[in-house]
Each structure stands twice: as structure tokens, then as C-alpha cells.
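Participant: Pasting a structure below so you can have a look.
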Amino acid sequence: MDDSNSFVVVANRLPVDMTVHPDGSYSISPSPGGLVTGLSPVLEQHRGCWVGWPGTVDVAPEPFRTDTGVLLHPVVLTASDYEGFYEGFSNATLWPLFHDLIVTPVYNTDWWHAFREVNLKFAEAVSQVAAHGATVWVQDYQLLLVPGILRQMRPDLKIGFFLHIPFPSPDLFRQLPWREEIVRGMLGADLVGFHLVQNAENFLALTQQVAGTAGSHVGQPDTLQVSGEALVREIGAHVETADGRRVSVGAFPISIDVEMFGEASKSAVLDLLKTLDEPETVFLGVDRLDYTKGILQRLLAFEELLESGALEADKAVLLQVATPSRERIDHYRVSRSQVEEAVGRINGRFGRMGRPVVHYLHRSLSKNDLQVLYTAADVMLVTPFKDGMNLVAKEFVANHRDGTGALVLSEFAGAATELTGAYLCNPFDVESIKRQMVAAVHDLKHNPESAATRMKTNSEQVYTHDVNVWANSFLDCLAQSGENS
Ligand code: ADP
Ligand code: G6P
């Protein structure tokens, strides 16, 4: 067996998306999202293998290596898996539930069955490739049951689980009709990791509450017991399961590969600014087009600032790049049409011929092109209603190590706990976004030293806590975990 198979990552998505052409050939492109951004450099460094879905239904190529040496094991999802497991349970049940009900989750038993079956499929794929005693790192909300299934199939494995999105308060989580199975699935791991201490505390409190409920249903009051006080630090808390295992629980804030986000080429930045007609202030938003990201709210804030004269249409532009995401799901369609309507309206009201005030792209850009945007931007707008971490915020600050630029950041993004030099806003309050946009522009112009200090504080945090720190702290903790109590 290949050496790569002693370190296995399993995630719903592979780092590349496959497109099948009419002649049966296929091409691949980078997959969207922060999970892939965070894990790709880790897999390259560990020369591990990655089990996941190649982004298209009903087909999957044979295992292959990427240019960077990562061995990929594609898992086939059928069209019906895609609907029930991916669009349904993962993204219309768990995603809204874990993001504090920004939209209402749908609880559908057929989707739950699809979720269980597909989790089994992923676990079987891992079981086939993982070497004896391998370390398996299970990723994110789509695979919450995989640790439990794998533990039964392969007790020899060291199993870690990391959640890339927020973990909600127990009061919200308890809505889920299948809450016990989900918690049990997660507790199949030796280590369960979250971005924030708050997420880990929510999980620990939940294991206590769900344990009580499970006991009254099935007459096993000691099914799950939380040992010690529910206090989590970086590492340290654990849950004891009925079969006598200790499951460690901890907080490990994900980060970026800082090498990839240095300053962009000066000439490319100058060309862009020229194309934009040399505005005084460039605002920037870069997101997947997801209703959690608060894209509409930042557009409304920009519009109202133009309306009131706090910003001048001749001097300010907003660039918004939105990667297409989960496009067949209703709330995503609505979100896209609201964003596009707002872009049209704002340009209709405040643009000139050949000089729109909002430049909007609905597509993915290369890392190089993103870097040019980050460097050209004066003020980055990251305004999610709720976000596990938000790597875009970290990419922007890594790009402004020289202290230029300002970050307006939602207090509901995980990144807000680390990026203390950001202009924090409440995205549920458009006035708050407006205030912080104006404050950032004001400081850049009239208080540049303070703005530079804030940005340097942010970038220092990211340079000293990069993706290697995240991965190594999780993997070190995993190596020490899982001993019987
Ligand atoms: P999420 O994981 O919810 O999408 P993050 O901000 O954590 O949010 O991660 C998004 C990742 O996707 C970042 O690495 C960012 O650079 C990348 N990304 C976002 N929008 C685009 C885009 N339009 N083109 C290319 N990459 C993008
Ligand atoms: C977030 C999730 C990832 C997911 C990514 C892209 O980052 O945490 O698990 O892969 O969004 O979403 P998608 O549905 O396209 O995989």
C-alpha cells in the first residue's frame, strides 16, 4: 500500500472539481470554499491522500495524483445522493441550523436517510484506502456520521474530526430530529475540533443534554457522560463515552497559507486602478454567493452612503466578486437575485456611462487575480451574519502586511476573535456597517498611523498563526488523544 495512505483526509469535496465533456474526456478546476483553501497546503506537506467527491454526479475517475503530489480517491455521488445528501440534508438542513437559523432549516426524513447512506459510502471508501493504524482526518458537517461508522469498521484507526462551520447553541441544535445519532457519530472520533472555544463549549453542553434525552428514550442513562467541568481551552476538555473511550474536544482556529497571499504585481494593480478610473476609495467584497455572507447588506450600506453624500459616486467604487454556490437551492437563488437587483439599482442610480459604482462578477477568479484585487482594495468588506472563521478576511490582511488598507469585519465571523485591528460591525444593523465603512475611510485619509497600526496587528496575527499552526496543533493533539480512560 502507498505511503500516502497512512494519512487520510476525507471531505465531501476533493480539492478539484471535475467537468465531464461530451466526448467523455474531463477537465479539472480548483473547488470552491475555505475548507479546500485550508487543507490543500496541509495535504501537500504531509503527502497524504484525500478521499472526496469530484464535484459532478454519477461519475468519478480512478485515483490520481495532483501536480502537487496529493493522492485523490474520488467517491461517486449519484444524482439522488446529490439531491438528498448534498442539497438536502447538508445544505438545507444542517447549514442553516448551524448558522443560527438565518433561514429556516428543513427537516426531511428522506434526506436524513440519504445522509446516512452517503456517510456510510464515504466511510467505506476510507476503510478501503487507509493503511493499518492510519490517521484519518474527517472534515466538516457533511460527514458528521463518518467518525462513528469508521470506528466500528476500523478500530485500528486514529480518527480526528474538524468542523469548519459554527457549532450552534444546544437550544438550537436540539431542534434536529436526529440529534442523538449526529452527536454519537461525532463522538466516534478521538478528537473533535472546532474553530472557536464557544463552538466547543456548545458541543460539550449538548453532549450533556442529549445524553439525558437518550437515556430516557432507550433506558441507558449512562450512554454519554461528560467528565469534568465543561470548560474548554485550546486543548483539554474531553467526553467519556459508554464504551469507555475518552474523546478530546478542542478549539483550533483555521488559517491560511501566508506564502500564497503576499503582495500582487504592482503593474497589475496599477492597470486595474486605471481601468476603474483611479477612484479615491476601492471597497472590496469576495465571497461564495451564500445568504450567510451579508452581501446584500453591504451593498445597501454602500447605496445609503452614496445617497447621503457620505461617499461620492465619482470617488468610490465597490468591487464584489461572488463565486457561484449551491445554485439550485431556493434560498441561494433568492439571495443571488436580491444581490443582482441591488447591483443594477445602485449602478442605475449612481453610475455614469462607462463608470459603474459597483463592479460585480459572478464567478471564481484565480488566486493571482484575487491577490491583485486584495492589493488594490482600500477597504475590505466582510459582513457575514454568521461564519465559522472566514478566510477571505485573513487573506486580505496577509496581503496588507505593510499596514495599508482597512478591514470592516462582522463581529459574527470567527475571524473577529483574532483580527482585533478590524473595524467590527453588526451586519444585522446597516447603520453599523455604514459607520464602520466611514470610520475606515476616515482613518485611512486622516489618521493613517492608527489605520496602519490596526492593519499590522491583524497581519501579525495571521503570519504568526498560519495554516501550519492550525494543522500541527490539531494533529499533535490527535496523536495524544484516544487513550482509554
Ligand atoms: P467559505 O468557506 O464559506 O466559502 P471562506 O472565506 O472561509 O468562506 O473561504 C473562501 C475561500 O474561497 C477563500 O480562500 C477565498 O479566496 C476563496 N474565494 C472566495 N470567492 C472567490 C472567488 N470569487 N474566486 C476565487 N476564490 C474565491
Ligand atoms: C464551506 C464549507 C465547506 C464547503 C465549502 C464550499 O467552506 O465549510 O465544507 O466545501 O463551503 O461549499 P460547497 O457546497 O460548494 O462544497
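Identifiers in this document derive from the order of the C-alpha cells: chains are assigned A, B, ..., residues are numbered from 1 separately in each chain, and ligands are numbered from 1 in order of occurrence.
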Would you mind listing, for every residue of chain A within 7 Å of ligand 2, the two atoms forming the shortest contact and the distance between them in Å to one decimal, using only C-alpha atoms and all ligand atoms, sorted by chain and ascending residue number, as a Markdown table?
Facilitator:
| residue | atom | partner | partner_atom_place_in_ligand_line | distance |
| --- | --- | --- | --- | --- |
| A:Asn12 | CA | ligand 2 | 10 (O) | 6.7 |
| A:Arg13 | CA | ligand 2 | 10 (O) | 5.7 |
| A:Pro32 | CA | ligand 2 | 6 (C) | 5.1 |
| A:Gly33 | CA | ligand 2 | 5 (C) | 3.9 |
| A:Gly34 | CA | ligand 2 | 7 (O) | 4.3 |
| A:Leu35 | CA | ligand 2 | 7 (O) | 4.9 |
| A:Val36 | CA | ligand 2 | 10 (O) | 6.7 |
| A:Asp140 | CA | ligand 2 | 9 (O) | 5.6 |
| A:Tyr141 | CA | ligand 2 | 9 (O) | 6.9 |
| A:His164 | CA | ligand 2 | 8 (O) | 4.8 |
| A:Ile165 | CA | ligand 2 | 8 (O) | 5.4 |
| A:Ser325 | CA | ligand 2 | 15 (O) | 5.6 |
| A:Arg326 | CA | ligand 2 | 14 (O) | 5.9 |
Participant: Write the selection just made, keeping all heavy atoms, as a short mmCIF file (atom, residue, chain, number, x, y, z; two decimals), in the first residue's frame?
Facilitator:
data_model
loop_
_atom_site.label_atom_id
_atom_site.label_comp_id
_atom_site.auth_asym_id
_atom_site.auth_seq_id
_atom_site.Cartn_x
_atom_site.Cartn_y
_atom_site.Cartn_z
N ASN A 12 -16.25 16.10 2.01
CA ASN A 12 -17.21 15.94 0.93
C ASN A 12 -16.57 16.27 -0.41
O ASN A 12 -16.70 15.55 -1.38
CB ASN A 12 -18.45 16.80 1.17
CG ASN A 12 -19.42 16.70 0.01
OD1 ASN A 12 -19.75 15.59 -0.41
ND2 ASN A 12 -19.81 17.82 -0.54
N ARG A 13 -15.86 17.40 -0.46
CA ARG A 13 -15.25 17.81 -1.74
C ARG A 13 -13.80 17.42 -1.83
O ARG A 13 -13.05 17.58 -0.87
CB ARG A 13 -15.29 19.32 -1.87
CG ARG A 13 -16.53 19.80 -2.53
CD ARG A 13 -16.33 21.21 -3.03
NE ARG A 13 -17.60 21.76 -3.43
CZ ARG A 13 -18.14 21.57 -4.62
NH1 ARG A 13 -17.51 20.87 -5.55
NH2 ARG A 13 -19.31 22.09 -4.91
N PRO A 32 -14.47 25.27 -4.87
CA PRO A 32 -14.70 26.48 -4.07
C PRO A 32 -14.60 26.23 -2.56
O PRO A 32 -14.70 25.08 -2.11
CB PRO A 32 -16.16 26.84 -4.44
CG PRO A 32 -16.80 25.54 -4.78
CD PRO A 32 -15.71 24.68 -5.38
N GLY A 33 -14.43 27.32 -1.81
CA GLY A 33 -14.63 27.27 -0.36
C GLY A 33 -13.37 27.23 0.48
O GLY A 33 -12.28 26.86 0.03
N GLY A 34 -13.57 27.61 1.74
CA GLY A 34 -12.47 27.74 2.69
C GLY A 34 -11.86 26.42 3.11
O GLY A 34 -10.66 26.34 3.42
N LEU A 35 -12.65 25.34 3.12
CA LEU A 35 -12.12 24.03 3.53
C LEU A 35 -10.97 23.63 2.61
O LEU A 35 -9.89 23.22 3.07
CB LEU A 35 -13.25 23.00 3.48
CG LEU A 35 -12.96 21.57 3.88
CD1 LEU A 35 -14.24 20.92 4.42
CD2 LEU A 35 -12.40 20.72 2.76
N VAL A 36 -11.20 23.78 1.32
CA VAL A 36 -10.18 23.40 0.34
C VAL A 36 -8.97 24.33 0.46
O VAL A 36 -7.81 23.89 0.43
CB VAL A 36 -10.79 23.41 -1.08
CG1 VAL A 36 -9.70 23.41 -2.15
CG2 VAL A 36 -11.71 22.20 -1.26
N ASP A 140 -15.80 18.34 8.38
CA ASP A 140 -16.99 19.17 8.17
C ASP A 140 -18.35 18.49 8.30
O ASP A 140 -18.47 17.28 8.38
CB ASP A 140 -16.86 19.93 6.85
CG ASP A 140 -17.24 21.40 7.04
OD1 ASP A 140 -17.60 21.78 8.15
OD2 ASP A 140 -17.16 22.17 6.06
N TYR A 141 -19.37 19.36 8.23
CA TYR A 141 -20.75 18.98 8.58
C TYR A 141 -21.36 17.95 7.66
O TYR A 141 -22.32 17.27 8.04
CB TYR A 141 -21.64 20.25 8.61
CG TYR A 141 -21.75 20.94 7.26
CD1 TYR A 141 -22.86 20.79 6.45
CD2 TYR A 141 -20.72 21.75 6.78
CE1 TYR A 141 -22.96 21.41 5.21
CE2 TYR A 141 -20.80 22.38 5.55
CZ TYR A 141 -21.91 22.21 4.78
OH TYR A 141 -22.00 22.82 3.55
N HIS A 164 -15.80 22.84 10.10
CA HIS A 164 -15.37 24.12 9.51
C HIS A 164 -16.41 25.23 9.64
O HIS A 164 -16.15 26.35 9.23
CB HIS A 164 -15.04 23.91 8.02
CG HIS A 164 -13.81 23.11 7.81
ND1 HIS A 164 -12.60 23.65 7.40
CD2 HIS A 164 -13.57 21.78 7.97
CE1 HIS A 164 -11.69 22.71 7.31
NE2 HIS A 164 -12.25 21.56 7.64
N ILE A 165 -17.59 24.88 10.14
CA ILE A 165 -18.63 25.91 10.27
C ILE A 165 -18.94 26.07 11.77
O ILE A 165 -18.43 25.31 12.59
CB ILE A 165 -19.88 25.54 9.44
CG1 ILE A 165 -20.58 24.27 9.95
CG2 ILE A 165 -19.49 25.35 7.96
CD1 ILE A 165 -21.90 23.97 9.22
N SER A 325 -22.56 29.32 -6.01
CA SER A 325 -22.58 28.29 -4.98
C SER A 325 -23.98 27.71 -4.82
O SER A 325 -24.96 28.46 -4.78
CB SER A 325 -22.12 28.92 -3.65
OG SER A 325 -21.92 27.92 -2.67
N ARG A 326 -24.10 26.38 -4.75
CA ARG A 326 -25.34 25.67 -4.40
C ARG A 326 -26.55 26.28 -5.11
O ARG A 326 -27.57 26.62 -4.49
CB ARG A 326 -25.52 25.70 -2.88
CG ARG A 326 -24.27 25.20 -2.19
CD ARG A 326 -24.30 25.38 -0.68
NE ARG A 326 -22.96 25.18 -0.13
CZ ARG A 326 -22.58 25.48 1.08
NH1 ARG A 326 -23.42 26.00 1.94
NH2 ARG A 326 -21.35 25.25 1.48
#
Participant: Could you list the protein, DNA and RNA residues that have any atom within 8 Å of ligand 1, counting only C-alpha atoms and all ligand atoms, and write them as a ChimeraX atom specification?
Facilitator: /A:32-38,164-165,256,286-288,290,293,321-324,361-367,370,387-393,395
Participant: Could you give me, as a PyMOL selection string, the residues within 9 Å of segment 189-204 of chain A, counting only C-alpha atoms and dropping anything in the same chain fewer than 3 positions from it?
Facilitator: chain A and resi 138+146-148+150-151+158-170+183+185-186+207-209+226+230-234+237-239+245-254+388-389+414+417+474+477-478+481-483
Participant: With only C-alpha atoms as the atoms that count, which of A:Pro105, A:Gly52, A:Pro279, A:Gly262 lies nearest to Glu124 of chain A?
Facilitator: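 Closest candidate: A:Gly52.
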Participant: Neighbouring residues of Ser335 of chain A were defined as those with any atom within 10 Å, considering only C-alpha atoms; residues of the same chain fewer than 5 positions away were excluded. Please report them as a PDB file with N, CA, C and O atoms, in the first residue's frame.
Facilitator:
ATOM      1  N   LEU A 289     -21.375  32.999  -3.161  1.00  0.00           N
ATOM      2  CA  LEU A 289     -22.664  33.686  -3.093  1.00  0.00           C
ATOM      3  C   LEU A 289     -23.602  32.894  -2.169  1.00  0.00           C
ATOM      4  O   LEU A 289     -24.329  32.013  -2.604  1.00  0.00           O
ATOM      5  N   ASP A 290     -23.501  33.212  -0.894  1.00  0.00           N
ATOM      6  CA  ASP A 290     -24.218  32.471   0.150  1.00  0.00           C
ATOM      7  C   ASP A 290     -24.962  33.491   1.014  1.00  0.00           C
ATOM      8  O   ASP A 290     -24.417  34.545   1.336  1.00  0.00           O
ATOM      9  N   TYR A 291     -26.206  33.119   1.397  1.00  0.00           N
ATOM     10  CA  TYR A 291     -27.019  34.057   2.174  1.00  0.00           C
ATOM     11  C   TYR A 291     -26.428  34.346   3.550  1.00  0.00           C
ATOM     12  O   TYR A 291     -26.833  35.274   4.225  1.00  0.00           O
ATOM     13  N   THR A 292     -25.464  33.514   4.001  1.00  0.00           N
ATOM     14  CA  THR A 292     -24.845  33.804   5.297  1.00  0.00           C
ATOM     15  C   THR A 292     -23.862  34.982   5.220  1.00  0.00           C
ATOM     16  O   THR A 292     -23.454  35.507   6.252  1.00  0.00           O
ATOM     17  N   GLY A 294     -23.950  38.092   3.986  1.00  0.00           N
ATOM     18  CA  GLY A 294     -24.336  39.504   4.152  1.00  0.00           C
ATOM     19  C   GLY A 294     -23.927  40.386   2.981  1.00  0.00           C
ATOM     20  O   GLY A 294     -23.613  41.566   3.174  1.00  0.00           O
ATOM     21  N   ILE A 295     -23.957  39.842   1.773  1.00  0.00           N
ATOM     22  CA  ILE A 295     -23.532  40.625   0.591  1.00  0.00           C
ATOM     23  C   ILE A 295     -24.540  41.750   0.310  1.00  0.00           C
ATOM     24  O   ILE A 295     -24.164  42.898   0.069  1.00  0.00           O
ATOM     25  N   LEU A 296     -25.827  41.399   0.394  1.00  0.00           N
ATOM     26  CA  LEU A 296     -26.856  42.407   0.141  1.00  0.00           C
ATOM     27  C   LEU A 296     -26.727  43.562   1.150  1.00  0.00           C
ATOM     28  O   LEU A 296     -26.823  44.729   0.776  1.00  0.00           O
ATOM     29  N   GLU A 327     -26.429  26.420  -6.414  1.00  0.00           N
ATOM     30  CA  GLU A 327     -27.333  27.306  -7.147  1.00  0.00           C
ATOM     31  C   GLU A 327     -28.766  26.821  -7.303  1.00  0.00           C
ATOM     32  O   GLU A 327     -29.628  27.611  -7.651  1.00  0.00           O
ATOM     33  N   ASP A 330     -33.283  26.904  -3.121  1.00  0.00           N
ATOM     34  CA  ASP A 330     -34.129  28.105  -3.181  1.00  0.00           C
ATOM     35  C   ASP A 330     -33.504  29.349  -2.549  1.00  0.00           C
ATOM     36  O   ASP A 330     -33.468  30.409  -3.163  1.00  0.00           O
ATOM     37  N   GLU A 340     -28.176  40.767  -7.251  1.00  0.00           N
ATOM     38  CA  GLU A 340     -28.042  41.293  -8.621  1.00  0.00           C
ATOM     39  C   GLU A 340     -29.010  42.452  -8.862  1.00  0.00           C
ATOM     40  O   GLU A 340     -28.674  43.407  -9.572  1.00  0.00           O
ATOM     41  N   GLU A 341     -30.153  42.381  -8.215  1.00  0.00           N
ATOM     42  CA  GLU A 341     -31.088  43.501  -8.344  1.00  0.00           C
ATOM     43  C   GLU A 341     -30.489  44.762  -7.698  1.00  0.00           C
ATOM     44  O   GLU A 341     -30.540  45.854  -8.251  1.00  0.00           O
TER      45      GLU A 341
END
Participant: Could you list, as number ranges by chain, every residue within 9 Å of Leu143 of chain A, counting only C-alpha atoms and ignoring same-chain residues fewer than 6 positions away?
Facilitator: A: 10-12, 90, 115, 118-119, 122-123, 185-186
Participant: Per DSSP on the backbone, filter segment 30-251 of chain A down to the residues in strand (DSSP E or B) and report them as a ChimeraX atom specification.
Facilitator: /A:30,49-53,64-65,71-74,135-139,158-162,191-194,224-226,237-241,245-251
Participant: Work out how far atom CA of Leu407 of chain A is from atom CA of Asn468 of chain A, in Å to one decimal.
Facilitator: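 So the two atoms, atom CA of Asn468 of chain A and atom CA of Leu407 of chain A, lie 23.6 Å apart.
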Participant: Find the residues around Lys386 of chain A up to 7 Å (only C-alpha atoms counted), leave out those fewer than 3 positions away in its own chain, and share them as a PyMOL selection string.
Facilitator: chain A and resi 99+292+412-413
Participant: Can you pull out the residues contacting Thr281 of chain A? Cut-off 8 Å, using only C-alpha atoms, and skip same-chain residues under 5 positions away; I want them as a list in words.
Facilitator: Lys315, Ala316, Val317, Ala377, Asp378, Val379 and Val441 of chain A
Participant: Which of segment 35-219 of chain A end up as alpha helix (DSSP H) when DSSP is run on this backbone - answer as a ChimeraX atom specification?
Facilitator: /A:35-46,79-81,95-98,109-129,146-153,170-173,179-186,197-218
Participant: Of the candidates A:Asn426, A:Ser29, A:Gln45, A:Ser6, which shows the shortest atom-to-atom distance to Asp156 of chain A, using only C-alpha atoms?
Facilitator: A:Ser6
Participant: Atom CA of Gln152 of chain A to atom CA of Gly84 of chain A: how many Å, to one decimal?
Facilitator: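 Calculated distance between atom CA of Gln152 of chain A and atom CA of Gly84 of chain A is 24.6 Å.
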